[in-house]
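Participant: Can you read through this structure? Questions will come right after.
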Amino acid sequence: MNQQKEIQIDEAKKLQLKELILNINTIWIDIDWTIADTIWAALLEIRNRFGDIMEYSQWKTWNPHQIPELQAQWLTTIDHTIQLFYGILREDWNQIVWSISDSVEWITRLQSFWKELIALSGRMEDSHRYTTLWLNHNFSWIFQKVLLTDHDTPRQIPKYELAQVHGIGLMIEDNAQYAIDLSTHGIPTILIDAPWNINDDLSEYPNIFRVKNWKEIISLI
């Protein structure tokens, strides 16, 4: 009996999300792990430096300095995390960061519905040039704007503030805390499953919609 009730709730949320996708004109899309496999690029860099000390499946946080295998090396502070990721991004002229599986195909399909697609990332503003180059190379100039929030710096701007300034829409995200923040400020958010959000219970937030991957998003329209 309880199982049947749960299925009915899931179907209701799917219908609600379908209506949002079809009727909202602006769709905000996070970059790292949502459409860019920055974790895999970081793991390759770590293997180059320290050898095969961990697998992709062990990466269960966005912060390498919180992973025991990496703490045992040199990654012990947020500054080390920033140095690792931004070192990779600055060198990405040869496309060492790949796009997430299926994201290009499905975002192109979203564009066919005449949506305004805006990249909204926690990356630092000084990465704007090479972030834009990567997006244009991998997504064929699909994104109308690229907005960065300077996460983990004194200049940080909450994602919901940028979304409110540039037009409230629907956000696609992999960070559960960002999803909560956006949702509580009136911005419905699709949360794509990832190792660092899979154990977060978001059932109390009706405007957060969990999906497994990009195929599940587009299957609704």
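Residues are named by chain letter and number: chains run A, B, ... in the order of the structure tokens, numbers start at 1 in each chain, and ligands are numbered from 1 in the order shown.
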Output as a list in words all residues of range 62-199 of chain A that backbone DSSP marks as strand (DSSP E).
Facilitator: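 Here is the list: Glu116, Leu117, Ile118, Ala119, Leu120, Ser121, Lys145, Val146, Leu147, Leu148, Leu170, Met171, Ile172, Glu173, Thr189, Ile190, Leu191 and Ile192 of chain A.
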Participant: Give me, as a PyMOL selection string, all polymer residues having an atom no more than 8 Å from range 100-115 of chain A, counting only C-alpha atoms and skipping those fewer than 3 positions away in the same chain.
Facilitator: chain A and resi 22+24-27+33-37+138-139+142+214-215+218
Participant: Find the spatial neighbours of Ser183 in chain A, counting only C-alpha atoms, within a cut-off of 8 Å - ignore same-chain residues fewer than 5 positions away - and output them as number ranges by chain.
Facilitator: A: 188-189, 205, 207-208
Participant: Can you tell me how far CA of Trp62 in chain A sits from CA of Ile29 in chain A, in Å to one decimal?
Facilitator: 17.3 Å
Participant: For a quick check of understanding, using only C-alpha atoms, which of A:Leu75, A:Ala194, A:Leu135, A:Ile31 has the smallest distance to Leu148 in chain A?
Facilitator: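 Checking each candidate against Leu148 in chain A, we get A:Ile31 as the closest.
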Participant: With range 161-164 of chain A as the partner and 10 Å as the cut-off, tabulate the residues of range 59-148 of chain A that qualify, each row holding the nearest pair of atoms and their distance in Å to one decimal, using only C-alpha atoms, sorted by chain and rising number, as JSON lines.
Facilitator:
```
{"residue": "A:Ile118", "atom": "CA", "partner": "A:Ala163", "partner_atom": "CA", "distance": 9.6}
{"residue": "A:Leu120", "atom": "CA", "partner": "A:Leu162", "partner_atom": "CA", "distance": 8.4}
{"residue": "A:Leu147", "atom": "CA", "partner": "A:Leu162", "partner_atom": "CA", "distance": 7.8}
{"residue": "A:Leu148", "atom": "CA", "partner": "A:Leu162", "partner_atom": "CA", "distance": 8.9}
```
Participant: Once you have the residues from the selection above, write them out as a PDB file, in the first residue's frame, restricted to C-alpha atoms.
Facilitator:
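The resulting file, selection35.pdb, is shown below:
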```pdb
ATOM      1  CA  ILE A 118      22.213  30.221 -19.522  1.00  0.00           C
ATOM      2  CA  LEU A 120      25.395  29.441 -14.199  1.00  0.00           C
ATOM      3  CA  LEU A 147      27.464  33.731 -15.384  1.00  0.00           C
ATOM      4  CA  LEU A 148      29.941  32.796 -12.645  1.00  0.00           C
TER       5      LEU A 148
END
```
Participant: Would you please extract all helix (DSSP H, G or I) residues from range 98-220 of chain A, as assigned by DSSP on the backbone, and give them as a PyMOL selection string?
Facilitator: chain A and resi 103-111+125-139+159-166+176-184+214-218
Participant: For CA of Ala176 in chain A and CA of Gln73 in chain A, quote the distance in Å rounded to one decimal.
Facilitator: 27.7 Å
Participant: Between A:Glu55, A:Asp32, A:Glu19, A:Asp150, which residue has the minimum interatomic distance to Asp174 in chain A, considering only C-alpha atoms?
Facilitator: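 When distances to Asp174 in chain A are compared using only C-alpha atoms, the smallest one comes from A:Asp32.
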Participant: When you look at Glu125 in chain A with a cut-off of 12 Å (counting only C-alpha atoms), what residues show up, excluding the ones that are within fewer than 4 positions of it in the same chain? I need them as a list in words.
Facilitator: Tyr86, Leu120, Ser121, Arg129, Tyr130, Thr131, Thr132, Val146, Leu147, Leu148, Thr149, Asp150, His151, Asp152, Thr153, Arg155, Gln156 and Ile157 of chain A
Participant: Measuring atom to atom with only C-alpha atoms, identify which of A:Ile21, A:Leu84, A:Leu117, A:Ala12 is nearest to Ile46 in chain A.
Facilitator: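 Using only C-alpha atoms, the shortest distance to Ile46 in chain A belongs to A:Leu84.
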Participant: Set the distance at 12 Å and use only C-alpha atoms: which residues neighbour Ile82 in chain A once local chain neighbours fewer than 5 positions away are removed? I'd like the list as a list in words.
Facilitator: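 Contacts, with the query itself left out: Ala42, Trp62, Asn63, Pro64, His65, Leu75, Thr76, Thr77, Gly87, Ile88, Leu89, Arg90, Gly122, Arg123, Met124, Ser127, Asp150, His151, Asp152 and Thr153 of chain A.
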